[in-house]
Amino acid sequence: MRPTISDVHAFSPEPLRTASSQLIEADRRVEDILDAARRTVEREFDVWKGEAATAAAAELSATLRVSGRISIAVRNVADCYAGAANTLGHAYRAVNMIVDDATLTHGLIVTDNGEVFPPAPATPGSLADILQADHYAGAAATFGVRLSEALDAVEHVDHTAAVALTTALGQLAELLGPLAAVALDPVGLPDNPAELSNYWNTLSPSEKDALALRYPAIGNRDGLPALDRDYYNRRYLESMREASPSTYAAVTAELRPDMFLLAVSPDGHTAIALGNPDTADNVATLVPGTGTTVGGIGGDLQRTRAMYDAARVASPGSVNSVILWSGYDSPPTIPDAGLDRYADTAAPALDAFQDGLRASHDGPASHNVVIGHSYGSTVIGAATTDGGSLNVDDLVFVASPGVDAERVDELRLDTTAEADMGEHVYATTAFWDPVQLIPRALGIHGFDPADPTFGAQVFTSAPGSPGLAVHSDYWNAENPALKTLGRIISGK
């Protein structure tokens, strides 16, 4: 049913987002209880042997499989709520903007069912009203069409969301049945994130679960929904407890319920998001630089959190997600940072990750930003030069040693014309940051993007003090660079 204008004014997406968050939190609490129970029972198997123990182990495995499938269903429902909040929020805002424009700017009358009429004449028969009649009539007709189309869009989006939610809820009964026998080889799955996303959405929850159980690292594939990636990767991380203890310890020490584990591997490559990128209005990805290791993930996540909070301050009404992407082997030392090969190797992975974020996003396209710190900016440069391009809206270079380009128009973004690149690239380097000596004195990675002649939009950072500490000070609360990063992320 098409909503009335009163329905539009009364709508708020927050109850939908709250329902989604509550479902995810409840699922994680259940997950913690089951994990604790599993560990307790498995300790008994160290001393309990024989036929009965074997049968008990099989029963435990079956119970955990069923609970895992139910958890996926709950998260699918949560994703439906979050997606509806995003799509309906945009659709309702479009209606409100048209109504405000018609009534406040043009003085028209909008009825509750969406009809638009000229205002009543102030002095019937007056020359002024006669002259204005055609203008008002034309404006009313134009706004009537726009408003009708916008209300139809709300009805369509509402119906689509309702169907998706009904389907997700209906799959719960199917999930309680036998686990589907799925013999799919991940090597045969589409490599293209958009194609993989489309294929993944054709699978039933039990088929997804069976595939994930057979191939625990499936959550690392770009194009899968953030909820699924987090769900499977947390279990994959648990399997590293013995095999990769350093990665397991470092990641589990920092992973929180409000984070999404988008990637994790035994070698320490990770991607962790604050906020769900699939339902966010603004999505930012931080690419850290030289010396990045899984052992230092805490400091990188502090920077990620600082930008997440800064974006919320810059745009209180927006929904944001900020991601720490450590999906590459960074140069281990400063001399190694003079080499391009680390960036060249990382560029395809960063490109695929960004394509995956686009493919799995719900509703209207989000505003996406990639932020490179230090050698991380060189990685971005490698991904946007020599035929490379990223599917994002803006680039930010913080304390860059160079991005393998001499001017901003040598960089490429999928949806930005070459002549417009200067409006979508930002750069900053503190006065005392010694990294600026690399492009200016050595030029090994091209020109300094924080030099005004490069053509990017240069923003101010606190000057800092002589020494190396200034290279990491950009995310300090008192640094003006952090406030600007918040505005860039939120599109302000």
# chains A, B, ... in the order shown; residues from 1 in each chain; ligands from 1

$ residues_around --residues "Asp448 in chain A" --least-positions-apart "6" --cutoff "10 Å" --atoms "only C-alpha atoms" --output "JSON list (two decimals) with N, CA, C and O atoms, in the first residue's frame"
[["chain", "number", "residue", "atom", "x", "y", "z"],
["A", 397, "PHE", "N", 45.47, 10.71, 1.03],
["A", 397, "PHE", "CA", 46.85, 10.33, 1.28],
["A", 397, "PHE", "C", 47.35, 11.05, 2.53],
["A", 397, "PHE", "O", 47.40, 12.28, 2.56],
["A", 399, "ALA", "N", 50.53, 11.47, 5.06],
["A", 399, "ALA", "CA", 51.97, 11.25, 5.24],
["A", 399, "ALA", "C", 52.51, 10.32, 4.16],
["A", 399, "ALA", "O", 53.11, 9.28, 4.44],
["A", 400, "SER", "N", 52.32, 10.70, 2.91],
["A", 400, "SER", "CA", 52.66, 9.82, 1.79],
["A", 400, "SER", "C", 54.12, 9.97, 1.37],
["A", 400, "SER", "O", 54.62, 11.09, 1.22],
["A", 401, "PRO", "N", 54.80, 8.84, 1.10],
["A", 401, "PRO", "CA", 56.14, 8.91, 0.50],
["A", 401, "PRO", "C", 56.07, 8.99, -1.01],
["A", 401, "PRO", "O", 57.11, 8.96, -1.69],
["A", 402, "GLY", "N", 54.85, 9.09, -1.58],
["A", 402, "GLY", "CA", 54.66, 9.16, -3.02],
["A", 402, "GLY", "C", 53.67, 8.10, -3.47],
["A", 402, "GLY", "O", 53.53, 7.05, -2.85],
["A", 403, "VAL", "N", 52.96, 8.40, -4.56],
["A", 403, "VAL", "CA", 51.92, 7.50, -5.04],
["A", 403, "VAL", "C", 52.16, 7.08, -6.49],
["A", 403, "VAL", "O", 51.22, 6.75, -7.22],
["A", 404, "ASP", "N", 53.42, 7.11, -6.91],
["A", 404, "ASP", "CA", 53.80, 6.69, -8.26],
["A", 404, "ASP", "C", 53.09, 7.50, -9.34],
["A", 404, "ASP", "O", 52.67, 6.96, -10.37],
["A", 405, "ALA", "N", 52.94, 8.79, -9.07],
["A", 405, "ALA", "CA", 52.33, 9.70, -10.04],
["A", 405, "ALA", "C", 52.95, 11.08, -9.86],
["A", 405, "ALA", "O", 53.40, 11.42, -8.76],
["A", 406, "GLU", "N", 52.97, 11.84, -10.92],
["A", 406, "GLU", "CA", 53.50, 13.19, -10.86],
["A", 406, "GLU", "C", 52.40, 14.22, -10.66],
["A", 406, "GLU", "O", 52.65, 15.29, -10.12],
["A", 407, "ARG", "N", 51.18, 13.89, -11.10],
["A", 407, "ARG", "CA", 50.05, 14.79, -10.94],
["A", 407, "ARG", "C", 48.80, 13.99, -10.64],
["A", 407, "ARG", "O", 48.69, 12.81, -10.95],
["A", 427, "ALA", "N", 45.13, 15.22, 0.46],
["A", 427, "ALA", "CA", 46.45, 14.85, 0.96],
["A", 427, "ALA", "C", 46.87, 15.78, 2.09],
["A", 427, "ALA", "O", 46.48, 16.96, 2.13],
["A", 428, "THR", "N", 47.65, 15.23, 3.02],
["A", 428, "THR", "CA", 48.21, 16.03, 4.10],
["A", 428, "THR", "C", 49.51, 15.39, 4.58],
["A", 428, "THR", "O", 49.65, 14.16, 4.58],
["A", 429, "THR", "N", 50.45, 16.24, 4.96],
["A", 429, "THR", "CA", 51.69, 15.80, 5.59],
["A", 429, "THR", "C", 52.10, 16.87, 6.59],
["A", 429, "THR", "O", 52.12, 18.07, 6.25],
["A", 435, "VAL", "N", 58.75, 11.95, 6.36],
["A", 435, "VAL", "CA", 58.38, 11.17, 5.18],
["A", 435, "VAL", "C", 58.39, 12.03, 3.92],
["A", 435, "VAL", "O", 58.62, 11.52, 2.82],
["A", 436, "GLN", "N", 58.21, 13.34, 4.08],
["A", 436, "GLN", "CA", 58.16, 14.21, 2.91],
["A", 436, "GLN", "C", 59.52, 14.30, 2.21],
["A", 436, "GLN", "O", 59.60, 14.71, 1.05],
["A", 437, "LEU", "N", 60.57, 13.88, 2.90],
["A", 437, "LEU", "CA", 61.89, 13.90, 2.27],
["A", 437, "LEU", "C", 62.03, 12.84, 1.20],
["A", 437, "LEU", "O", 62.84, 12.98, 0.28],
["A", 438, "ILE", "N", 61.21, 11.78, 1.29],
["A", 438, "ILE", "CA", 61.33, 10.68, 0.32],
["A", 438, "ILE", "C", 60.95, 11.13, -1.08],
["A", 438, "ILE", "O", 61.75, 11.01, -2.01],
["A", 439, "PRO", "N", 59.75, 11.69, -1.29],
["A", 439, "PRO", "CA", 59.43, 12.13, -2.66],
["A", 439, "PRO", "C", 60.20, 13.37, -3.08],
["A", 439, "PRO", "O", 60.53, 13.53, -4.26],
["A", 440, "ARG", "N", 60.51, 14.25, -2.13],
["A", 440, "ARG", "CA", 61.15, 15.51, -2.51],
["A", 440, "ARG", "C", 62.64, 15.34, -2.79],
["A", 440, "ARG", "O", 63.19, 15.98, -3.68],
["A", 454, "PHE", "N", 50.83, 19.19, -7.05],
["A", 454, "PHE", "CA", 50.37, 17.87, -7.44],
["A", 454, "PHE", "C", 48.92, 17.93, -7.93],
["A", 454, "PHE", "O", 48.52, 17.18, -8.81]]

$ residues_around --residues "Tyr199 in chain A" --least-positions-apart "6" --cutoff "10 Å" --atoms "only C-alpha atoms" --output "ChimeraX atom specification"
/A:189-190,193,223-224

$ residues_around --residues "Asp191 in chain A" --least-positions-apart "6" --cutoff "12 Å" --atoms "only C-alpha atoms" --output "list in words"
Ser197, Asn198, Tyr199, Arg221, Asp222, Gly223, Leu224, Ala349, Ala352, Phe353, Asp355 and Gly356 of chain A

$ atom_distance --atom1 "CA of Asp278 in chain A" --atom2 "CA of Asn220 in chain A"
15.5 Å

$ select_by_dssp --residues "range 393-479 of chain A" --states "helix (DSSP H, G or I)" --output "VMD selection string"
chain A and resid 408 to 410 418 to 423 434 to 442 452 to 454 469 to 475

$ write_last_selection --atoms "C-alpha atoms" --output "compact mmCIF listing (two decimals), in the first residue's frame"
# COMPACT_ATOMS: atom_id res chain seq x y z
CA VAL A 408 46.61 14.01 -9.63
CA ASP A 409 45.16 13.47 -13.12
CA GLU A 410 47.39 10.40 -13.52
CA GLU A 418 40.27 12.52 -15.45
CA ALA A 419 39.59 16.28 -15.41
CA ASP A 420 37.69 15.96 -12.11
CA MET A 421 40.25 13.91 -10.16
CA GLY A 422 41.52 16.94 -8.26
CA GLU A 423 38.11 17.26 -6.58
CA PRO A 434 60.33 13.29 7.70
CA VAL A 435 58.38 11.17 5.18
CA GLN A 436 58.16 14.21 2.91
CA LEU A 437 61.89 13.90 2.27
CA ILE A 438 61.33 10.68 0.32
CA PRO A 439 59.43 12.13 -2.66
CA ARG A 440 61.15 15.51 -2.51
CA ALA A 441 64.74 14.29 -2.20
CA LEU A 442 64.62 10.78 -3.64
CA PRO A 452 49.97 21.93 -3.93
CA THR A 453 51.39 21.54 -7.44
CA PHE A 454 50.37 17.87 -7.44
CA ALA A 469 56.63 10.32 16.42
CA VAL A 470 54.91 12.94 14.26
CA HIS A 471 54.43 10.30 11.55
CA SER A 472 51.70 8.66 13.65
CA ASP A 473 50.13 11.76 15.23
CA TYR A 474 47.48 12.44 12.56
CA TRP A 475 44.78 10.62 14.55

$ closest_residue --among "A:Trp325, A:Tyr81, A:Tyr248, A:Trp432" --to "His269 in chain A" --atoms "only C-alpha atoms"
A:Trp325

$ residues_around --residues "Asn391 in chain A" --least-positions-apart "5" --cutoff "10 Å" --atoms "only C-alpha atoms" --output "PyMOL selection string"
chain A and resi 351-358+368-370+384+412-416

$ closest_residue --among "A:Gly299, A:Pro463, A:Ile371, A:Asn476" --to "Tyr426 in chain A" --atoms "only C-alpha atoms"
A:Ile371

$ closest_residue --among "A:Ala347, A:Ala150, A:Met307, A:Ala481" --to "Val95 in chain A" --atoms "only C-alpha atoms"
A:Ala150
